[in-house]
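Take a look at the structure set out below.
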Amino acid sequence: MISQNIWQGRRDGDELLYHRIFQRVKIARDYDTISTNDFVLHGFAVEEGVRRNKGRLGAKDAPDVIRKNMSNFPVILPDFSLLDFGNITCDDANLEKTQNSLAKNVSKVLLKGGKSLVIGGGHELTYAHYLGVKTAFPEKKIGIINIDAHFDNRQPEDGVGASSGTGFWQIAQEGDINSLHIGIQRNSNTLKLFDTAHQYGMKYILADELFFENLPSIYQRINDLLDGVDVAYLTICMDVFNASVAPGVSASAYNGIFADSAFMHFYKHILKNEKLVALDVAEVNPSYDIQDRTARLAASLINEWFMI
């Protein structure tokens, strides 16, 4: 159970139009209280997949830090509602059980008509979040947009199992995968991982292609994916961003992208799509963050969804 004390901020009045996010959050336990179009939050306070992937530890502490950085944003829409169901943890190193727990909870949210929001935690949350969407909509075609420097399509190692780097390989084993990976870095993925992406039909846009003059092409590729699916899920790995604006991640990128005008144009374009039912941010690592830069950026990206 999450504490209401995590959600704090400045008050500009008690009228609905003057509210900040912390004034609208409801700490929740019962999934039957979810109404259509409620934003429903789960914290994924887990880094077992990062540990298995030999990454820098600390991501399990991110959800509450992100909450604190979300708290003070102003509420733009009068009917905004956010339900917080607290954190999922993995105290026994059984990542697979933890992923199934998140998936079960996400499916409950979506079947009630809510919008699923997950804050991590390691990017092992991707497979769990996707599994929740698939459980809720087993007959629907699911599109995934992954904003990430990495494909995360590595085959699990024998004796290690799933990790933060295997999510899209796991998804591909469930059947045809409909994914677009935005921000892929050539220096962060071996040729084996590119080959795997091609094998499974994983579409991608390289980080080098993300500039303002190329927006028409980026929009077209996003539309090509979303037009061909029934529901959409967006996952953001914070290590896609340059280390100067996102130093607090498990695998920092000196040449990562920036949350500049070009990025915000296509990012908001994704958020505006009515098929989007689930969003998460992953790999915020407070142990390596500087003045909460990464957590604040993650919170800002989430807040953009609240304003659509």
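Here's how to read the names in the structure tokens: chain A, B, ... by the order shown, residue numbers from 1 in each chain, ligand numbers from 1 in the order shown.
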
Check segment 28-244 of chain A with DSSP on the backbone and list each residue it calls alpha helix (DSSP H), as number ranges by chain.
A: 48-52, 62-70, 95-111, 125-136, 167-172, 191-200, 215-227

Write out as a list of chain:residue names each polymer residue whose atoms come within 9 Å of Gln4 of chain A, counting only C-alpha atoms; drop sequence neighbours fewer than 3 positions from it.
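That gives A:Trp7, A:Gln8, A:Phe22, A:Val25, A:Lys26, A:Ile27.
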
Keeping all heavy atoms for every residue in the selection just given, could you write it to a file as a CSV table (one decimal), in the first residue's frame?
```
chain,number,residue,atom,x,y,z
A,7,TRP,N,2.6,11.8,-2.2
A,7,TRP,CA,2.0,12.8,-3.1
A,7,TRP,C,1.8,14.1,-2.4
A,7,TRP,O,0.9,14.3,-1.6
A,7,TRP,CB,0.6,12.3,-3.6
A,7,TRP,CG,0.7,11.1,-4.5
A,7,TRP,CD1,0.5,9.8,-4.1
A,7,TRP,CD2,1.1,11.0,-5.9
A,7,TRP,NE1,0.7,8.9,-5.2
A,7,TRP,CE2,1.0,9.7,-6.3
A,7,TRP,CE3,1.4,12.0,-6.8
A,7,TRP,CZ2,1.3,9.3,-7.6
A,7,TRP,CZ3,1.6,11.6,-8.1
A,7,TRP,CH2,1.6,10.2,-8.5
A,8,GLN,N,2.7,15.1,-2.6
A,8,GLN,CA,2.7,16.4,-2.0
A,8,GLN,C,3.1,17.5,-3.0
A,8,GLN,O,3.8,17.2,-3.9
A,8,GLN,CB,3.6,16.4,-0.8
A,8,GLN,CG,3.2,15.5,0.4
A,8,GLN,CD,4.1,15.7,1.6
A,8,GLN,OE1,4.8,16.7,1.7
A,8,GLN,NE2,4.1,14.7,2.5
A,22,PHE,N,-1.2,16.0,-7.2
A,22,PHE,CA,-1.3,15.4,-5.9
A,22,PHE,C,-2.6,15.5,-5.3
A,22,PHE,O,-3.0,14.7,-4.4
A,22,PHE,CB,-0.2,16.0,-5.0
A,22,PHE,CG,-0.4,17.3,-4.4
A,22,PHE,CD1,-1.1,17.4,-3.2
A,22,PHE,CD2,-0.1,18.5,-5.1
A,22,PHE,CE1,-1.3,18.7,-2.6
A,22,PHE,CE2,-0.3,19.7,-4.6
A,22,PHE,CZ,-1.0,19.8,-3.3
A,25,VAL,N,-4.9,12.5,-6.9
A,25,VAL,CA,-4.6,11.1,-6.7
A,25,VAL,C,-5.4,10.5,-5.7
A,25,VAL,O,-5.6,11.0,-4.6
A,25,VAL,CB,-3.1,11.0,-6.4
A,25,VAL,CG1,-2.8,9.5,-6.1
A,25,VAL,CG2,-2.2,11.5,-7.5
A,26,LYS,N,-5.9,9.3,-6.0
A,26,LYS,CA,-6.6,8.5,-5.0
A,26,LYS,C,-5.8,7.2,-4.8
A,26,LYS,O,-5.5,6.5,-5.7
A,26,LYS,CB,-8.0,8.1,-5.5
A,26,LYS,CG,-8.9,9.3,-5.7
A,26,LYS,CD,-10.2,8.9,-6.3
A,26,LYS,CE,-11.1,10.1,-6.7
A,26,LYS,NZ,-12.4,9.8,-7.4
A,27,ILE,N,-5.5,6.9,-3.5
A,27,ILE,CA,-4.8,5.6,-3.2
A,27,ILE,C,-5.9,4.5,-3.3
A,27,ILE,O,-6.9,4.6,-2.6
A,27,ILE,CB,-4.2,5.7,-1.8
A,27,ILE,CG1,-3.2,6.9,-1.7
A,27,ILE,CG2,-3.4,4.4,-1.5
A,27,ILE,CD1,-2.1,6.9,-2.7
```

Can you tell me, as an MDAnalysis selection string, what residues are no more than 7 Å from Gly113 of chain A when counting only C-alpha atoms, ignoring any on the same chain fewer than 5 positions away?
chainID A and resid 35:37

Find the residues around Ile6 of chain A up to 9 Å (only C-alpha atoms counted), leave out those fewer than 6 positions away in its own chain, and share them as a PDB file with N, CA and C atoms, in the first residue's frame.
```pdb
ATOM      1  N   PHE A  22      -1.202  16.044  -7.250  1.00  0.00           N
ATOM      2  CA  PHE A  22      -1.260  15.396  -5.937  1.00  0.00           C
ATOM      3  C   PHE A  22      -2.630  15.539  -5.283  1.00  0.00           C
ATOM      4  N   ASP A  64       8.734   5.660  -6.412  1.00  0.00           N
ATOM      5  CA  ASP A  64       8.345   6.704  -5.469  1.00  0.00           C
ATOM      6  C   ASP A  64       8.993   8.043  -5.808  1.00  0.00           C
ATOM      7  N   VAL A  65      10.205   8.010  -6.346  1.00  0.00           N
ATOM      8  CA  VAL A  65      10.878   9.248  -6.749  1.00  0.00           C
ATOM      9  C   VAL A  65      10.138   9.879  -7.924  1.00  0.00           C
ATOM     10  N   ARG A  67       6.950   9.468  -8.574  1.00  0.00           N
ATOM     11  CA  ARG A  67       5.700   9.995  -8.010  1.00  0.00           C
ATOM     12  C   ARG A  67       5.901  11.411  -7.444  1.00  0.00           C
ATOM     13  N   LYS A  68       6.964  11.586  -6.680  1.00  0.00           N
ATOM     14  CA  LYS A  68       7.226  12.900  -6.075  1.00  0.00           C
ATOM     15  C   LYS A  68       7.407  13.966  -7.150  1.00  0.00           C
ATOM     16  N   SER A  71       3.993  14.997  -8.731  1.00  0.00           N
ATOM     17  CA  SER A  71       2.985  15.540  -7.826  1.00  0.00           C
ATOM     18  C   SER A  71       2.556  16.965  -8.124  1.00  0.00           C
TER      19      SER A  71
END
```

Separation of atom CA of Phe73 of chain A from atom CA of Tyr254 of chain A in Å:
28.8 Å

Report as number ranges by chain all protein, DNA and RNA residues lying within 10 Å of Arg221 of chain A, evaluated on only C-alpha atoms, omitting residues in the same chain fewer than 6 positions from it.
A: 180, 203-205, 215, 227

Residues near Gly49 of chain A, cut-off 8 Å, only C-alpha atoms, skip fewer than 2 positions along chain, as a ChimeraX atom specification
/A:46-47,51-53,95,122-124,162-165

Would you put the residues from that selection into a file with N, CA and C atoms, as a PDB file, in the first residue's frame?
```pdb
ATOM      1  N   VAL A  46      11.150  -3.000  -9.176  1.00  0.00           N
ATOM      2  CA  VAL A  46      11.840  -4.268  -9.464  1.00  0.00           C
ATOM      3  C   VAL A  46      13.075  -3.988 -10.316  1.00  0.00           C
ATOM      4  N   GLU A  47      14.158  -4.695 -10.009  1.00  0.00           N
ATOM      5  CA  GLU A  47      15.371  -4.593 -10.823  1.00  0.00           C
ATOM      6  C   GLU A  47      16.039  -5.960 -11.009  1.00  0.00           C
ATOM      7  N   ARG A  51      19.562  -6.846 -12.871  1.00  0.00           N
ATOM      8  CA  ARG A  51      20.641  -7.635 -12.261  1.00  0.00           C
ATOM      9  C   ARG A  51      21.047  -8.779 -13.168  1.00  0.00           C
ATOM     10  N   ARG A  52      20.053  -9.494 -13.707  1.00  0.00           N
ATOM     11  CA  ARG A  52      20.351 -10.612 -14.611  1.00  0.00           C
ATOM     12  C   ARG A  52      21.043 -10.136 -15.887  1.00  0.00           C
ATOM     13  N   ASN A  53      20.754  -8.879 -16.277  1.00  0.00           N
ATOM     14  CA  ASN A  53      21.325  -8.317 -17.502  1.00  0.00           C
ATOM     15  C   ASN A  53      22.651  -7.607 -17.248  1.00  0.00           C
ATOM     16  N   LEU A  95      11.435 -13.301 -10.849  1.00  0.00           N
ATOM     17  CA  LEU A  95      10.977 -12.274 -11.770  1.00  0.00           C
ATOM     18  C   LEU A  95       9.732 -12.714 -12.527  1.00  0.00           C
ATOM     19  N   GLY A 122      13.125  -1.711 -13.723  1.00  0.00           N
ATOM     20  CA  GLY A 122      13.816  -2.163 -14.910  1.00  0.00           C
ATOM     21  C   GLY A 122      12.888  -2.378 -16.093  1.00  0.00           C
ATOM     22  N   HIS A 123      13.493  -2.453 -17.288  1.00  0.00           N
ATOM     23  CA  HIS A 123      12.686  -2.613 -18.496  1.00  0.00           C
ATOM     24  C   HIS A 123      12.166  -4.035 -18.670  1.00  0.00           C
ATOM     25  N   GLU A 124      12.406  -4.882 -17.687  1.00  0.00           N
ATOM     26  CA  GLU A 124      11.735  -6.180 -17.670  1.00  0.00           C
ATOM     27  C   GLU A 124      10.234  -6.015 -17.485  1.00  0.00           C
ATOM     28  N   ALA A 162      14.758 -14.757 -18.170  1.00  0.00           N
ATOM     29  CA  ALA A 162      14.369 -13.454 -18.698  1.00  0.00           C
ATOM     30  C   ALA A 162      15.106 -12.344 -17.962  1.00  0.00           C
ATOM     31  N   SER A 163      15.281 -11.219 -18.655  1.00  0.00           N
ATOM     32  CA  SER A 163      15.969 -10.081 -18.055  1.00  0.00           C
ATOM     33  C   SER A 163      15.403  -8.796 -18.630  1.00  0.00           C
ATOM     34  N   SER A 164      16.029  -7.687 -18.283  1.00  0.00           N
ATOM     35  CA  SER A 164      15.587  -6.398 -18.824  1.00  0.00           C
ATOM     36  C   SER A 164      15.895  -6.269 -20.308  1.00  0.00           C
ATOM     37  N   GLY A 165      16.699  -7.178 -20.841  1.00  0.00           N
ATOM     38  CA  GLY A 165      17.064  -7.116 -22.258  1.00  0.00           C
ATOM     39  C   GLY A 165      16.380  -8.141 -23.130  1.00  0.00           C
TER      40      GLY A 165
END
```
